[in-house]
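**Student:** Got a file for you: data.cif, mmCIF, C-alpha atoms.
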```cif
data_upload
#
loop_
_atom_site.group_PDB
_atom_site.id
_atom_site.type_symbol
_atom_site.label_atom_id
_atom_site.label_comp_id
_atom_site.auth_asym_id
_atom_site.auth_seq_id
_atom_site.Cartn_x
_atom_site.Cartn_y
_atom_site.Cartn_z
ATOM 1 C CA MET A 1 0.000 0.000 0.000
ATOM 2 C CA ALA A 2 2.692 2.489 1.047
ATOM 3 C CA GLU A 3 4.819 1.713 -2.024
ATOM 4 C CA ALA A 4 1.779 2.186 -4.268
ATOM 5 C CA VAL A 5 1.086 5.637 -2.783
ATOM 6 C CA TYR A 6 4.698 6.759 -3.270
ATOM 7 C CA ILE A 7 4.827 5.428 -6.841
ATOM 8 C CA LEU A 8 1.488 7.071 -7.677
ATOM 9 C CA CYS A 9 2.722 10.389 -6.229
ATOM 10 C CA ALA A 10 5.792 10.205 -8.492
ATOM 11 C CA LEU A 11 3.826 9.145 -11.589
ATOM 12 C CA THR A 12 1.079 11.760 -11.210
ATOM 13 C CA SER A 13 3.598 14.560 -10.627
ATOM 14 C CA VAL A 14 5.580 13.477 -13.725
ATOM 15 C CA ALA A 15 2.314 13.464 -15.702
ATOM 16 C CA CYS A 16 1.484 16.979 -14.428
ATOM 17 C CA ALA A 17 4.949 18.252 -15.431
ATOM 18 C CA VAL A 18 4.763 16.666 -18.913
ATOM 19 C CA LEU A 19 1.235 17.951 -19.609
ATOM 20 C CA LEU A 20 2.031 21.478 -18.391
ATOM 21 C CA LEU A 21 5.285 21.697 -20.392
ATOM 22 C CA ARG A 22 3.536 20.270 -23.479
ATOM 23 C CA GLY A 23 0.873 22.937 -22.993
ATOM 24 C CA TYR A 24 3.629 25.542 -22.851
ATOM 25 C CA GLY A 25 5.067 24.158 -26.106
ATOM 26 C CA ARG A 26 1.686 24.642 -27.775
ATOM 27 C CA SER A 27 0.486 27.942 -26.315
ATOM 28 C CA ARG A 28 3.738 29.625 -25.159
ATOM 29 C CA SER A 29 1.911 30.771 -22.026
ATOM 30 C CA ARG A 30 4.608 31.647 -19.475
ATOM 31 C CA LEU A 31 2.391 30.542 -16.578
ATOM 32 C CA LEU A 32 2.420 26.997 -17.979
ATOM 33 C CA LEU A 33 6.225 27.095 -18.182
ATOM 34 C CA TRP A 34 6.622 28.091 -14.532
ATOM 35 C CA SER A 35 3.986 25.558 -13.436
ATOM 36 C CA GLY A 36 5.687 22.843 -15.501
ATOM 37 C CA LEU A 37 9.089 23.620 -13.962
ATOM 38 C CA CYS A 38 7.502 23.554 -10.493
ATOM 39 C CA PHE A 39 5.987 20.128 -11.084
ATOM 40 C CA MET A 40 9.233 18.865 -12.578
ATOM 41 C CA ALA A 41 11.007 19.682 -9.283
ATOM 42 C CA LEU A 42 8.100 18.141 -7.347
ATOM 43 C CA ALA A 43 8.367 15.014 -9.528
ATOM 44 C CA ILE A 44 12.095 14.688 -8.768
ATOM 45 C CA SER A 45 11.295 15.223 -5.076
ATOM 46 C CA ASN A 46 8.707 12.424 -5.251
ATOM 47 C CA MET A 47 11.185 10.099 -6.965
ATOM 48 C CA VAL A 48 13.676 10.800 -4.165
ATOM 49 C CA LEU A 49 10.811 10.075 -1.724
ATOM 50 C CA PHE A 50 10.354 6.613 -3.253
ATOM 51 C CA VAL A 51 14.113 5.956 -3.181
ATOM 52 C CA ASP A 52 14.333 7.239 0.405
ATOM 53 C CA LEU A 53 11.408 5.326 1.910
ATOM 54 C CA VAL A 54 11.313 2.155 -0.197
ATOM 55 C CA VAL A 55 14.592 1.459 -2.022
ATOM 56 C CA VAL A 56 17.282 2.709 0.367
ATOM 57 C CA GLN A 57 16.330 2.392 4.007
ATOM 58 C CA GLY A 58 18.445 3.791 6.798
ATOM 59 C CA VAL A 59 19.489 6.933 4.931
ATOM 60 C CA ASP A 60 17.520 10.093 5.663
ATOM 61 C CA LEU A 61 16.938 12.073 2.472
ATOM 62 C CA SER A 62 14.069 14.146 3.871
ATOM 63 C CA LEU A 63 16.055 17.383 3.781
ATOM 64 C CA LEU A 64 16.885 16.850 0.095
ATOM 65 C CA ARG A 65 13.229 16.039 -0.666
ATOM 66 C CA SER A 66 11.901 19.123 1.078
ATOM 67 C CA SER A 67 14.578 21.349 -0.496
ATOM 68 C CA LEU A 68 13.715 20.103 -3.997
ATOM 69 C CA ALA A 69 10.021 20.730 -3.370
ATOM 70 C CA LEU A 70 10.761 24.205 -2.013
ATOM 71 C CA LEU A 71 12.878 24.951 -5.081
ATOM 72 C CA GLY A 72 9.945 23.940 -7.299
ATOM 73 C CA ILE A 73 7.274 25.928 -5.469
ATOM 74 C CA ALA A 74 9.615 28.938 -5.173
ATOM 75 C CA THR A 75 10.149 28.784 -8.966
ATOM 76 C CA LEU A 76 6.389 28.919 -9.505
ATOM 77 C CA LEU A 77 6.027 31.726 -6.983
ATOM 78 C CA TYR A 78 8.745 33.694 -8.771
ATOM 79 C CA GLY A 79 6.909 33.186 -12.057
ATOM 80 C CA LEU A 80 3.569 34.186 -10.536
ATOM 81 C CA ILE A 81 5.027 37.385 -9.072
ATOM 82 C CA TRP A 82 7.301 38.532 -11.890
ATOM 83 C CA ASP A 83 6.264 36.890 -15.093
ATOM 84 C CA ALA A 84 2.631 35.727 -15.125
ATOM 85 C CA GLN A 85 0.436 37.183 -17.817
ATOM 86 C CA MET B 1 15.713 22.785 13.084
ATOM 87 C CA LEU B 2 16.186 23.218 9.336
ATOM 88 C CA LYS B 3 13.561 20.653 8.320
ATOM 89 C CA PRO B 4 10.578 22.278 10.099
ATOM 90 C CA MET B 5 11.711 25.639 8.728
ATOM 91 C CA ILE B 6 11.739 24.357 5.134
ATOM 92 C CA ASN B 7 8.384 22.623 5.657
ATOM 93 C CA GLY B 8 6.943 25.852 7.066
ATOM 94 C CA ALA B 9 8.252 27.752 4.052
ATOM 95 C CA LEU B 10 6.617 25.131 1.804
ATOM 96 C CA VAL B 11 3.236 25.581 3.537
ATOM 97 C CA MET B 12 3.493 29.354 3.153
ATOM 98 C CA ALA B 13 4.627 29.142 -0.494
ATOM 99 C CA CYS B 14 1.812 26.719 -1.363
ATOM 100 C CA LEU B 15 -0.773 29.025 0.203
ATOM 101 C CA ALA B 16 0.710 32.038 -1.609
ATOM 102 C CA CYS B 17 0.474 30.170 -4.953
ATOM 103 C CA ALA B 18 -3.112 29.196 -4.078
ATOM 104 C CA LEU B 19 -3.965 32.867 -3.465
ATOM 105 C CA PHE B 20 -2.455 33.893 -6.819
ATOM 106 C CA PHE B 21 -4.486 31.247 -8.644
ATOM 107 C CA LEU B 22 -7.589 32.323 -6.721
ATOM 108 C CA ARG B 23 -7.009 35.875 -7.956
ATOM 109 C CA PHE B 24 -6.629 34.640 -11.547
ATOM 110 C CA TRP B 25 -9.849 32.667 -11.143
ATOM 111 C CA ARG B 26 -11.707 35.735 -9.864
ATOM 112 C CA ALA B 27 -10.434 37.754 -12.810
ATOM 113 C CA SER B 28 -11.032 35.196 -15.562
ATOM 114 C CA ARG B 29 -13.644 32.791 -14.097
ATOM 115 C CA ASP B 30 -11.575 30.003 -15.682
ATOM 116 C CA ARG B 31 -12.160 26.783 -13.695
ATOM 117 C CA LEU B 32 -8.544 25.699 -14.302
ATOM 118 C CA PHE B 33 -7.331 28.358 -11.880
ATOM 119 C CA ALA B 34 -9.895 27.341 -9.226
ATOM 120 C CA PHE B 35 -8.673 23.728 -9.394
ATOM 121 C CA PHE B 36 -5.036 24.854 -9.249
ATOM 122 C CA SER B 37 -5.835 26.998 -6.211
ATOM 123 C CA LEU B 38 -7.549 24.088 -4.473
ATOM 124 C CA ALA B 39 -4.676 21.733 -5.364
ATOM 125 C CA PHE B 40 -2.101 24.062 -3.809
ATOM 126 C CA VAL B 41 -4.197 24.399 -0.629
ATOM 127 C CA VAL B 42 -4.320 20.583 -0.405
ATOM 128 C CA MET B 43 -0.562 20.403 -1.066
ATOM 129 C CA GLY B 44 0.004 22.958 1.719
ATOM 130 C CA CYS B 45 -2.075 20.742 4.052
ATOM 131 C CA ASN B 46 0.217 17.823 3.156
ATOM 132 C CA TRP B 47 3.327 19.765 4.183
ATOM 133 C CA LEU B 48 1.574 21.018 7.320
ATOM 134 C CA ALA B 49 0.609 17.461 8.284
ATOM 135 C CA LEU B 50 4.169 16.249 7.645
ATOM 136 C CA THR B 51 5.489 18.991 9.927
ATOM 137 C CA LEU B 52 2.990 18.751 12.764
ATOM 138 C CA LEU B 53 2.147 15.048 12.896
ATOM 139 C CA ASP B 54 4.720 12.660 14.232
ATOM 140 C CA VAL B 55 3.502 9.619 12.309
ATOM 141 C CA ASP B 56 5.302 6.301 12.485
ATOM 142 C CA ASP B 57 6.564 4.302 9.502
ATOM 143 C CA GLU B 58 3.458 2.117 9.378
ATOM 144 C CA ARG B 59 1.044 4.972 8.816
ATOM 145 C CA ARG B 60 3.234 7.579 7.155
ATOM 146 C CA HIS B 61 1.894 6.876 3.656
ATOM 147 C CA TYR B 62 -1.576 8.072 4.673
ATOM 148 C CA VAL B 63 -0.163 11.618 4.820
ATOM 149 C CA TYR B 64 1.124 11.221 1.270
ATOM 150 C CA VAL B 65 -2.377 10.339 0.069
ATOM 151 C CA ILE B 66 -3.150 14.059 0.638
ATOM 152 C CA ARG B 67 -0.308 14.930 -1.748
ATOM 153 C CA LEU B 68 -1.588 12.405 -4.282
ATOM 154 C CA VAL B 69 -5.013 14.089 -4.149
ATOM 155 C CA SER B 70 -3.423 17.458 -5.005
ATOM 156 C CA PHE B 71 -1.644 15.990 -8.075
ATOM 157 C CA LEU B 72 -4.858 14.280 -9.177
ATOM 158 C CA LEU B 73 -6.664 17.623 -8.875
ATOM 159 C CA ILE B 74 -4.067 19.215 -11.189
ATOM 160 C CA LEU B 75 -4.433 16.360 -13.694
ATOM 161 C CA TYR B 76 -8.232 16.680 -13.574
ATOM 162 C CA ALA B 77 -7.937 20.458 -14.073
ATOM 163 C CA ILE B 78 -5.769 19.970 -17.196
ATOM 164 C CA TRP B 79 -8.115 17.287 -18.556
ATOM 165 C CA ASP B 80 -11.117 19.527 -17.864
ATOM 166 C CA LYS B 81 -9.438 22.465 -19.622
ATOM 167 C CA ASN B 82 -8.479 20.370 -22.669
ATOM 168 C CA ARG B 83 -12.006 18.964 -22.878
ATOM 169 C CA ALA B 84 -13.484 22.481 -22.756
ATOM 170 C CA GLY B 85 -10.987 23.606 -25.424
ATOM 171 C CA ARG B 86 -11.950 20.752 -27.726
ATOM 172 C CA GLY B 87 -15.631 21.445 -27.117
ATOM 173 C CA SER B 88 -15.351 25.100 -28.119
ATOM 174 C CA SER B 89 -13.184 24.416 -31.187
ATOM 175 C CA SER B 90 -15.545 21.806 -32.680
#
```
Would you encode the structure as structure tokens?

**Tutor:**
Amino acid sequence: MAEAVYILCALTSVACAVLLLRGYGRSRSRLLLWSGLCFMALAISNMVLFVDLVVVQGVDLSLLRSSLALLGIATLLYGLIWDAQ
Amino acid sequence: MLKPMINGALVMACLACALFFLRFWRASRDRLFAFFSLAFVVMGCNWLALTLLDVDDERRHYVYVIRLVSFLLILYAIWDKNRAGRGSSS
């Protein structure tokens, strides 16, 4: 059950990133670019989550996970403040 | 010390993003923005729960179900937007 939740988190975030960046490729809307970059960082964070909690046990990668997620959300926030149209 | 600080920043950043999307929704009445806003509120709740709740290994994945819901909301929002786009173009 736990593994399924972590895998689904990673897969859905990758899907979000791909769809948003594909949307940016089509429409060139900057908001989609920033959102896509945000979800890309969140997807990497979720992959690290799976590695941390399922694959490699005994090593704490929670700081790396949170930092990656913060980088992603901060990217989106930067885009929303400075570049959203 | 650093971990709760980063998690707190994540909660704040998620809520700030949610407020921006809420503003876009108010201005455009585009449902996509409303779903994005809701998804970021849910994501903020996930980070808040991870910070405040001291869950053990057995039950930790339940907190991540909240995160999964936020990603599913984003996917639904994109699907809903694409469906509306196809509907108006045909």

**Student:** With the file shown as input, list the residues that the PyMOL selection byres ((chain A) within 9 of (chain B)) selects, as a ChimeraX atom specification.

**Tutor:** /A:1-3,5-6,8-10,12-13,15-16,19-20,62-63,66-67,69-70,73-74,76-77,80-81

**Student:** I need the residue set behind the PyMOL selection byres ((chain A and resi 54) around 12) for this file; please write it as a list in words.

**Tutor:**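 In the shown coordinates, the PyMOL selection byres ((chain A and resi 54) around 12) covers Met1, Ala2, Glu3, Ala4, Val5, Tyr6, Ile7, Asn46, Met47, Val48, Leu49, Phe50, Val51, Asp52, Leu53, Val55, Val56, Gln57, Gly58, Val59, Asp60 and Leu61 of chain A; Asp57 and His61 of chain B.
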
**Student:** Report, in Å to a single decimal, how far apart CA of Cys45 in chain B and CA of Tyr78 in chain A are.

**Tutor:** 21.2 Å

**Student:** Return as a PDB file with C-alpha atoms, in the frame of the given file the set of residues that the PyMOL selection byres ((chain B and resi 33) around 9) yields on the displayed structure.

**Tutor:**
```pdb
ATOM      1  CA  ALA B  18      -3.112  29.196  -4.078  1.00  0.00           C
ATOM      2  CA  PHE B  20      -2.455  33.893  -6.819  1.00  0.00           C
ATOM      3  CA  PHE B  21      -4.486  31.247  -8.644  1.00  0.00           C
ATOM      4  CA  LEU B  22      -7.589  32.323  -6.721  1.00  0.00           C
ATOM      5  CA  ARG B  23      -7.009  35.875  -7.956  1.00  0.00           C
ATOM      6  CA  PHE B  24      -6.629  34.640 -11.547  1.00  0.00           C
ATOM      7  CA  TRP B  25      -9.849  32.667 -11.143  1.00  0.00           C
ATOM      8  CA  ARG B  26     -11.707  35.735  -9.864  1.00  0.00           C
ATOM      9  CA  SER B  28     -11.032  35.196 -15.562  1.00  0.00           C
ATOM     10  CA  ARG B  29     -13.644  32.791 -14.097  1.00  0.00           C
ATOM     11  CA  ASP B  30     -11.575  30.003 -15.682  1.00  0.00           C
ATOM     12  CA  ARG B  31     -12.160  26.783 -13.695  1.00  0.00           C
ATOM     13  CA  LEU B  32      -8.544  25.699 -14.302  1.00  0.00           C
ATOM     14  CA  ALA B  34      -9.895  27.341  -9.226  1.00  0.00           C
ATOM     15  CA  PHE B  35      -8.673  23.728  -9.394  1.00  0.00           C
ATOM     16  CA  PHE B  36      -5.036  24.854  -9.249  1.00  0.00           C
ATOM     17  CA  SER B  37      -5.835  26.998  -6.211  1.00  0.00           C
ATOM     18  CA  LEU B  38      -7.549  24.088  -4.473  1.00  0.00           C
ATOM     19  CA  ALA B  77      -7.937  20.458 -14.073  1.00  0.00           C
TER      20      ALA B  77
END
```

**Student:** What is the distance between CA of Leu15 in chain B and CA of Gly85 in chain B, in Å to one decimal?

**Tutor:**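 Computed distance, CA of Leu15 in chain B to CA of Gly85 in chain B, equals 28.1 Å.
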
**Student:** Edge lengths and centre in Å to one decimal, as AutoDock Vina command-line options, of the axis-aligned box that encloses all listed atoms of range 17-33 of chain A with 6 Å added on every side?

**Tutor:**
```
--center_x 3.4 --center_y 24.2 --center_z -21.6 --size_x 17.7 --size_y 27.0 --size_z 24.3
```

**Student:** At a cut-off of 6 Å, using all atoms listed in the file, what residues contact range 29-39 of chain A? Leave out same-chain residues fewer than 4 positions from it and give the result as a list in words.

**Tutor:** Ala17, Leu20, Leu21, Tyr24, Ala43, Gly72, Ile73, Leu76, Gly79 and Ala84 of chain A

**Student:** Missing atoms in range 72-83 of chain A: can you complete it with N, CA, C and O atoms, as a PDB file, keeping the file's coordinate frame?

**Tutor:**
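Output file out-v8.pdb follows:
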```pdb
ATOM      1  N   GLY A  72      11.019  23.971  -6.287  1.00  0.00           N
ATOM      2  CA  GLY A  72       9.945  23.940  -7.299  1.00  0.00           C
ATOM      3  C   GLY A  72       8.880  24.984  -7.029  1.00  0.00           C
ATOM      4  O   GLY A  72       8.519  25.773  -7.905  1.00  0.00           O
ATOM      5  N   ILE A  73       8.367  24.994  -5.797  1.00  0.00           N
ATOM      6  CA  ILE A  73       7.274  25.928  -5.469  1.00  0.00           C
ATOM      7  C   ILE A  73       7.793  27.377  -5.533  1.00  0.00           C
ATOM      8  O   ILE A  73       7.073  28.279  -5.969  1.00  0.00           O
ATOM      9  N   ALA A  74       9.051  27.583  -5.119  1.00  0.00           N
ATOM     10  CA  ALA A  74       9.615  28.938  -5.173  1.00  0.00           C
ATOM     11  C   ALA A  74       9.744  29.394  -6.631  1.00  0.00           C
ATOM     12  O   ALA A  74       9.530  30.572  -6.942  1.00  0.00           O
ATOM     13  N   THR A  75      10.077  28.459  -7.534  1.00  0.00           N
ATOM     14  CA  THR A  75      10.149  28.784  -8.966  1.00  0.00           C
ATOM     15  C   THR A  75       8.790  29.273  -9.464  1.00  0.00           C
ATOM     16  O   THR A  75       8.691  30.281 -10.165  1.00  0.00           O
ATOM     17  N   LEU A  76       7.738  28.525  -9.080  1.00  0.00           N
ATOM     18  CA  LEU A  76       6.389  28.919  -9.505  1.00  0.00           C
ATOM     19  C   LEU A  76       6.014  30.276  -8.918  1.00  0.00           C
ATOM     20  O   LEU A  76       5.445  31.135  -9.611  1.00  0.00           O
ATOM     21  N   LEU A  77       6.362  30.462  -7.646  1.00  0.00           N
ATOM     22  CA  LEU A  77       6.027  31.726  -6.983  1.00  0.00           C
ATOM     23  C   LEU A  77       6.746  32.895  -7.671  1.00  0.00           C
ATOM     24  O   LEU A  77       6.154  33.960  -7.884  1.00  0.00           O
ATOM     25  N   TYR A  78       8.002  32.659  -8.043  1.00  0.00           N
ATOM     26  CA  TYR A  78       8.745  33.694  -8.771  1.00  0.00           C
ATOM     27  C   TYR A  78       8.021  34.030 -10.081  1.00  0.00           C
ATOM     28  O   TYR A  78       7.824  35.201 -10.413  1.00  0.00           O
ATOM     29  N   GLY A  79       7.618  32.979 -10.790  1.00  0.00           N
ATOM     30  CA  GLY A  79       6.909  33.186 -12.057  1.00  0.00           C
ATOM     31  C   GLY A  79       5.596  33.925 -11.862  1.00  0.00           C
ATOM     32  O   GLY A  79       5.251  34.822 -12.629  1.00  0.00           O
ATOM     33  N   LEU A  80       4.859  33.547 -10.788  1.00  0.00           N
ATOM     34  CA  LEU A  80       3.569  34.186 -10.536  1.00  0.00           C
ATOM     35  C   LEU A  80       3.749  35.664 -10.200  1.00  0.00           C
ATOM     36  O   LEU A  80       2.925  36.507 -10.563  1.00  0.00           O
ATOM     37  N   ILE A  81       4.833  35.995  -9.504  1.00  0.00           N
ATOM     38  CA  ILE A  81       5.027  37.385  -9.072  1.00  0.00           C
ATOM     39  C   ILE A  81       5.600  38.242 -10.206  1.00  0.00           C
ATOM     40  O   ILE A  81       5.127  39.353 -10.453  1.00  0.00           O
ATOM     41  N   TRP A  82       6.577  37.695 -10.935  1.00  0.00           N
ATOM     42  CA  TRP A  82       7.301  38.532 -11.890  1.00  0.00           C
ATOM     43  C   TRP A  82       6.898  38.360 -13.354  1.00  0.00           C
ATOM     44  O   TRP A  82       7.147  39.237 -14.169  1.00  0.00           O
ATOM     45  N   ASP A  83       6.340  37.195 -13.674  1.00  0.00           N
ATOM     46  CA  ASP A  83       6.264  36.890 -15.093  1.00  0.00           C
ATOM     47  C   ASP A  83       4.898  36.418 -15.587  1.00  0.00           C
ATOM     48  O   ASP A  83       4.749  36.111 -16.760  1.00  0.00           O
TER      49      ASP A  83
END
```
